[in-house]
>>> print(open('final_10.cif').read())   # mmCIF, N, CA and C atoms and all ligand atoms
data_coords
loop_
_atom_site.group_PDB
_atom_site.id
_atom_site.type_symbol
_atom_site.label_atom_id
_atom_site.label_comp_id
_atom_site.auth_asym_id
_atom_site.auth_seq_id
_atom_site.Cartn_x
_atom_site.Cartn_y
_atom_site.Cartn_z
ATOM 1 N N MET A 950 66.966 60.570 -16.453
ATOM 2 C CA MET A 950 67.468 59.242 -16.174
ATOM 3 C C MET A 950 68.758 59.357 -15.383
ATOM 4 N N TYR A 951 68.986 58.350 -14.538
ATOM 5 C CA TYR A 951 70.228 58.355 -13.778
ATOM 6 C C TYR A 951 71.385 57.947 -14.683
ATOM 7 N N VAL A 952 72.415 58.759 -14.691
ATOM 8 C CA VAL A 952 73.638 58.436 -15.416
ATOM 9 C C VAL A 952 74.630 57.814 -14.437
ATOM 10 N N CYS A 953 74.777 58.436 -13.312
ATOM 11 C CA CYS A 953 75.695 57.933 -12.283
ATOM 12 C C CYS A 953 74.862 57.410 -11.113
ATOM 13 N N VAL A 954 74.759 56.093 -11.055
ATOM 14 C CA VAL A 954 73.955 55.459 -10.004
ATOM 15 C C VAL A 954 74.653 55.589 -8.652
ATOM 16 N N CYS A 955 75.967 55.501 -8.661
ATOM 17 C CA CYS A 955 76.721 55.573 -7.398
ATOM 18 C C CYS A 955 76.459 56.874 -6.649
ATOM 19 N N ASN A 956 76.324 57.967 -7.420
ATOM 20 C CA ASN A 956 76.166 59.283 -6.803
ATOM 21 C C ASN A 956 74.801 59.908 -7.089
ATOM 22 N N ALA A 957 73.892 59.122 -7.652
ATOM 23 C CA ALA A 957 72.529 59.590 -7.947
ATOM 24 C C ALA A 957 72.526 60.885 -8.754
ATOM 25 N N VAL A 958 73.295 60.873 -9.848
ATOM 26 C CA VAL A 958 73.371 62.054 -10.721
ATOM 27 C C VAL A 958 72.611 61.752 -12.004
ATOM 28 N N THR A 959 71.716 62.654 -12.376
ATOM 29 C CA THR A 959 70.902 62.458 -13.573
ATOM 30 C C THR A 959 71.490 63.184 -14.778
ATOM 31 N N ASP A 960 70.988 62.816 -15.958
ATOM 32 C CA ASP A 960 71.428 63.507 -17.175
ATOM 33 C C ASP A 960 71.024 64.976 -17.127
ATOM 34 N N ARG A 961 69.915 65.286 -16.513
ATOM 35 C CA ARG A 961 69.486 66.693 -16.400
ATOM 36 C C ARG A 961 70.472 67.491 -15.564
ATOM 37 N N GLN A 962 70.974 66.900 -14.492
ATOM 38 C CA GLN A 962 71.961 67.595 -13.661
ATOM 39 C C GLN A 962 73.247 67.822 -14.457
ATOM 40 N N ILE A 963 73.627 66.821 -15.256
ATOM 41 C CA ILE A 963 74.838 66.952 -16.070
ATOM 42 C C ILE A 963 74.652 68.045 -17.117
ATOM 43 N N ARG A 964 73.506 68.035 -17.798
ATOM 44 C CA ARG A 964 73.252 69.077 -18.812
ATOM 45 C C ARG A 964 73.220 70.472 -18.182
ATOM 46 N N LYS A 965 72.657 70.568 -17.005
ATOM 47 C CA LYS A 965 72.617 71.859 -16.308
ATOM 48 C C LYS A 965 74.044 72.321 -15.994
ATOM 49 N N ALA A 966 74.872 71.409 -15.497
ATOM 50 C CA ALA A 966 76.263 71.761 -15.179
ATOM 51 C C ALA A 966 77.001 72.211 -16.439
ATOM 52 N N ILE A 967 76.757 71.534 -17.557
ATOM 53 C CA ILE A 967 77.401 71.913 -18.823
ATOM 54 C C ILE A 967 76.932 73.302 -19.244
ATOM 55 N N ASN A 968 75.641 73.538 -19.131
ATOM 56 C CA ASN A 968 75.103 74.859 -19.498
ATOM 57 C C ASN A 968 75.642 75.964 -18.601
ATOM 58 N N GLU A 969 76.086 75.583 -17.408
ATOM 59 C CA GLU A 969 76.640 76.574 -16.484
ATOM 60 C C GLU A 969 78.156 76.641 -16.557
ATOM 61 N N GLY A 970 78.754 75.913 -17.531
ATOM 62 C CA GLY A 970 80.195 76.083 -17.744
ATOM 63 C C GLY A 970 81.057 74.847 -17.670
ATOM 64 N N ALA A 971 80.543 73.733 -17.173
ATOM 65 C CA ALA A 971 81.363 72.524 -17.131
ATOM 66 C C ALA A 971 81.684 72.092 -18.563
ATOM 67 N N SER A 972 82.950 71.771 -18.829
ATOM 68 C CA SER A 972 83.335 71.435 -20.202
ATOM 69 C C SER A 972 84.163 70.165 -20.293
ATOM 70 N N SER A 973 84.327 69.468 -19.176
ATOM 71 C CA SER A 973 85.140 68.250 -19.201
ATOM 72 C C SER A 973 84.624 67.277 -18.139
ATOM 73 N N LEU A 974 85.075 66.032 -18.264
ATOM 74 C CA LEU A 974 84.714 65.038 -17.252
ATOM 75 C C LEU A 974 85.268 65.467 -15.900
ATOM 76 N N ARG A 975 86.429 66.094 -15.919
ATOM 77 C CA ARG A 975 87.017 66.575 -14.664
ATOM 78 C C ARG A 975 86.078 67.568 -13.984
ATOM 79 N N ASP A 976 85.485 68.466 -14.784
ATOM 80 C CA ASP A 976 84.542 69.436 -14.217
ATOM 81 C C ASP A 976 83.342 68.717 -13.605
ATOM 82 N N LEU A 977 82.827 67.713 -14.334
ATOM 83 C CA LEU A 977 81.654 66.986 -13.835
ATOM 84 C C LEU A 977 81.991 66.194 -12.579
ATOM 85 N N LYS A 978 83.198 65.662 -12.528
ATOM 86 C CA LYS A 978 83.628 64.952 -11.313
ATOM 87 C C LYS A 978 83.642 65.906 -10.128
ATOM 88 N N ARG A 979 84.231 67.071 -10.336
ATOM 89 C CA ARG A 979 84.370 68.042 -9.255
ATOM 90 C C ARG A 979 83.007 68.588 -8.814
ATOM 91 N N GLU A 980 82.155 68.866 -9.782
ATOM 92 C CA GLU A 980 80.890 69.532 -9.453
ATOM 93 C C GLU A 980 79.791 68.578 -9.002
ATOM 94 N N LEU A 981 79.751 67.372 -9.596
ATOM 95 C CA LEU A 981 78.638 66.467 -9.312
ATOM 96 C C LEU A 981 79.068 65.134 -8.712
ATOM 97 N N GLY A 982 80.347 64.825 -8.790
ATOM 98 C CA GLY A 982 80.810 63.532 -8.290
ATOM 99 C C GLY A 982 80.704 62.417 -9.311
ATOM 100 N N VAL A 983 80.386 62.788 -10.570
ATOM 101 C CA VAL A 983 80.266 61.787 -11.639
ATOM 102 C C VAL A 983 81.595 61.041 -11.799
ATOM 103 N N ALA A 984 81.499 59.732 -11.951
ATOM 104 C CA ALA A 984 82.657 58.881 -12.223
ATOM 105 C C ALA A 984 83.708 58.914 -11.115
ATOM 106 N N THR A 985 83.275 59.072 -9.886
ATOM 107 C CA THR A 985 84.236 59.080 -8.782
ATOM 108 C C THR A 985 84.187 57.795 -7.955
ATOM 109 N N CYS A 986 83.292 56.864 -8.323
ATOM 110 C CA CYS A 986 83.250 55.581 -7.604
ATOM 111 C C CYS A 986 83.639 54.452 -8.552
ATOM 112 N N CYS A 987 82.659 53.792 -9.155
ATOM 113 C CA CYS A 987 82.962 52.654 -10.022
ATOM 114 C C CYS A 987 83.432 53.105 -11.407
ATOM 115 N N GLY A 988 83.031 54.294 -11.836
ATOM 116 C CA GLY A 988 83.454 54.824 -13.126
ATOM 117 C C GLY A 988 82.641 54.364 -14.318
ATOM 118 N N LYS A 989 81.624 53.551 -14.102
ATOM 119 C CA LYS A 989 80.832 53.027 -15.224
ATOM 120 C C LYS A 989 80.045 54.120 -15.952
ATOM 121 N N CYS A 990 79.853 55.246 -15.314
ATOM 122 C CA CYS A 990 79.092 56.334 -15.924
ATOM 123 C C CYS A 990 79.957 57.246 -16.785
ATOM 124 N N ALA A 991 81.254 57.074 -16.766
ATOM 125 C CA ALA A 991 82.154 58.009 -17.446
ATOM 126 C C ALA A 991 81.845 58.107 -18.938
ATOM 127 N N ALA A 992 81.618 56.981 -19.596
ATOM 128 C CA ALA A 992 81.381 56.998 -21.043
ATOM 129 C C ALA A 992 80.104 57.758 -21.373
ATOM 130 N N THR A 993 79.055 57.546 -20.599
ATOM 131 C CA THR A 993 77.800 58.247 -20.851
ATOM 132 C C THR A 993 77.954 59.735 -20.565
ATOM 133 N N ALA A 994 78.653 60.070 -19.496
ATOM 134 C CA ALA A 994 78.878 61.485 -19.184
ATOM 135 C C ALA A 994 79.664 62.156 -20.304
ATOM 136 N N CYS A 995 80.662 61.460 -20.851
ATOM 137 C CA CYS A 995 81.454 62.020 -21.961
ATOM 138 C C CYS A 995 80.593 62.173 -23.212
ATOM 139 N N ARG A 996 79.704 61.239 -23.436
ATOM 140 C CA ARG A 996 78.815 61.350 -24.600
ATOM 141 C C ARG A 996 77.927 62.586 -24.469
ATOM 142 N N ILE A 997 77.411 62.842 -23.285
ATOM 143 C CA ILE A 997 76.588 64.042 -23.070
ATOM 144 C C ILE A 997 77.438 65.293 -23.268
ATOM 145 N N LEU A 998 78.674 65.263 -22.779
ATOM 146 C CA LEU A 998 79.582 66.398 -23.007
ATOM 147 C C LEU A 998 79.782 66.620 -24.506
ATOM 148 N N ASP A 999 80.014 65.539 -25.247
ATOM 149 C CA ASP A 999 80.233 65.658 -26.699
ATOM 150 C C ASP A 999 79.026 66.273 -27.393
ATOM 151 N N GLU A 1000 77.845 65.900 -26.946
ATOM 152 C CA GLU A 1000 76.617 66.437 -27.552
ATOM 153 C C GLU A 1000 76.517 67.944 -27.370
ATOM 154 N N HIS A 1001 77.162 68.470 -26.333
ATOM 155 C CA HIS A 1001 77.041 69.894 -26.021
ATOM 156 C C HIS A 1001 78.251 70.711 -26.442
ATOM 157 N N GLN A 1002 79.220 70.075 -27.079
ATOM 158 C CA GLN A 1002 80.389 70.848 -27.512
ATOM 159 C C GLN A 1002 79.943 71.834 -28.574
ATOM 160 N N PRO A 1003 80.471 73.046 -28.521
ATOM 161 C CA PRO A 1003 80.093 74.020 -29.547
ATOM 162 C C PRO A 1003 80.590 73.569 -30.912
ATOM 163 N N ARG A 1004 79.760 73.774 -31.898
ATOM 164 C CA ARG A 1004 80.139 73.435 -33.266
ATOM 165 C C ARG A 1004 80.882 74.609 -33.863
ATOM 166 N N TYR A 1005 81.986 74.307 -34.498
ATOM 167 C CA TYR A 1005 82.780 75.372 -35.090
ATOM 168 C C TYR A 1005 82.293 75.645 -36.500
ATOM 169 N N SER A 1006 82.127 76.886 -36.790
ATOM 170 C CA SER A 1006 81.738 77.262 -38.137
ATOM 171 C C SER A 1006 82.874 78.058 -38.769
ATOM 172 N N LEU A 1007 82.949 78.001 -40.063
ATOM 173 C CA LEU A 1007 83.992 78.718 -40.765
ATOM 174 C C LEU A 1007 83.674 80.205 -40.787
ATOM 175 N N GLU A 1008 84.715 80.994 -40.703
ATOM 176 C CA GLU A 1008 84.532 82.430 -40.853
ATOM 177 C C GLU A 1008 84.040 82.695 -42.268
ATOM 178 N N PRO A 1009 83.213 83.718 -42.468
ATOM 179 C CA PRO A 1009 82.685 83.993 -43.805
ATOM 180 C C PRO A 1009 83.758 84.189 -44.866
ATOM 181 N N ASP A 1010 84.908 84.773 -44.450
ATOM 182 C CA ASP A 1010 85.964 85.020 -45.434
ATOM 183 C C ASP A 1010 87.082 83.986 -45.349
ATOM 184 N N PHE A 1011 86.787 82.826 -44.726
ATOM 185 C CA PHE A 1011 87.805 81.794 -44.576
ATOM 186 C C PHE A 1011 88.217 81.231 -45.946
ATOM 187 N N GLN A 1012 89.523 81.166 -46.156
ATOM 188 C CA GLN A 1012 90.053 80.599 -47.396
ATOM 189 C C GLN A 1012 90.976 79.449 -47.024
ATOM 190 N N PRO A 1013 90.641 78.229 -47.417
ATOM 191 C CA PRO A 1013 91.531 77.112 -47.102
ATOM 192 C C PRO A 1013 92.884 77.291 -47.764
ATOM 193 N N ALA A 1014 93.928 76.849 -47.085
ATOM 194 C CA ALA A 1014 95.301 77.019 -47.630
ATOM 195 C C ALA A 1014 95.528 76.136 -48.836
HETATM 196 S S1 LIG A 1101 77.953 54.954 -11.775
HETATM 197 FE FE1 LIG A 1101 79.086 56.775 -11.629
HETATM 198 S S2 LIG A 1101 80.750 56.269 -10.345
HETATM 199 FE FE2 LIG A 1101 79.548 54.478 -10.427
#
>>> encode(input="final_10.cif", output="structure tokens")
Amino acid sequence: MYVCVCNAVTDRQIRKAINEGASSLRDLKRELGVATCCGKCAATACRILDEHQPRYSLEPDFQPA
């Protein structure tokens, strides 16, 4: 589906960019042009970024203070 209509950028292109190292809206702007015109796609692009953030797990020997 198109996320950024202004620049014809799809969610697949965004996911591919994330898988190749993009980690912020700034990266997506630079690499794909997302959110560089009207900006209406920024929230959706950020949601896709959030979905791909690595989940932090506790170290096996982690002891809370
Ligand atoms: S929809 Fe992405 S800049 Fe307009």
>>> residues_near_ligand(input="final_10.cif", ligand="ligand LIG 1101 (chain A)", cutoff="10 Å", atoms="only C-alpha atoms and all ligand atoms", output="list in words")
Tyr951, Val952, Cys953, Val954, Cys955, Asn956, Ala957, Val958, Lys978, Leu981, Gly982, Val983, Ala984, Thr985, Cys986, Cys987, Gly988, Lys989, Cys990, Ala991, Ala992, Thr993 and Ala994 of chain A
>>> atom_distance(input="final_10.cif", atom1="CA of Ile967 (chain A)", atom2="CA of Leu998 (chain A)")
7.3 Å
>>> axis_aligned_box(input="final_10.cif", around="region 955-967 of chain A", padding_each_side="8 Å", output="AutoDock Vina command-line options")
--center_x 73.4 --center_y 64.4 --center_z -12.9 --size_x 23.9 --size_y 33.8 --size_z 28.6
>>> residues_around(input="final_10.cif", residues="Arg964 (chain A)", least_positions_apart="2", cutoff="12 Å", atoms="only C-alpha atoms", output="PyMOL selection string")
chain A and resi 950+952+958-962+966-973+977+981+993-1002
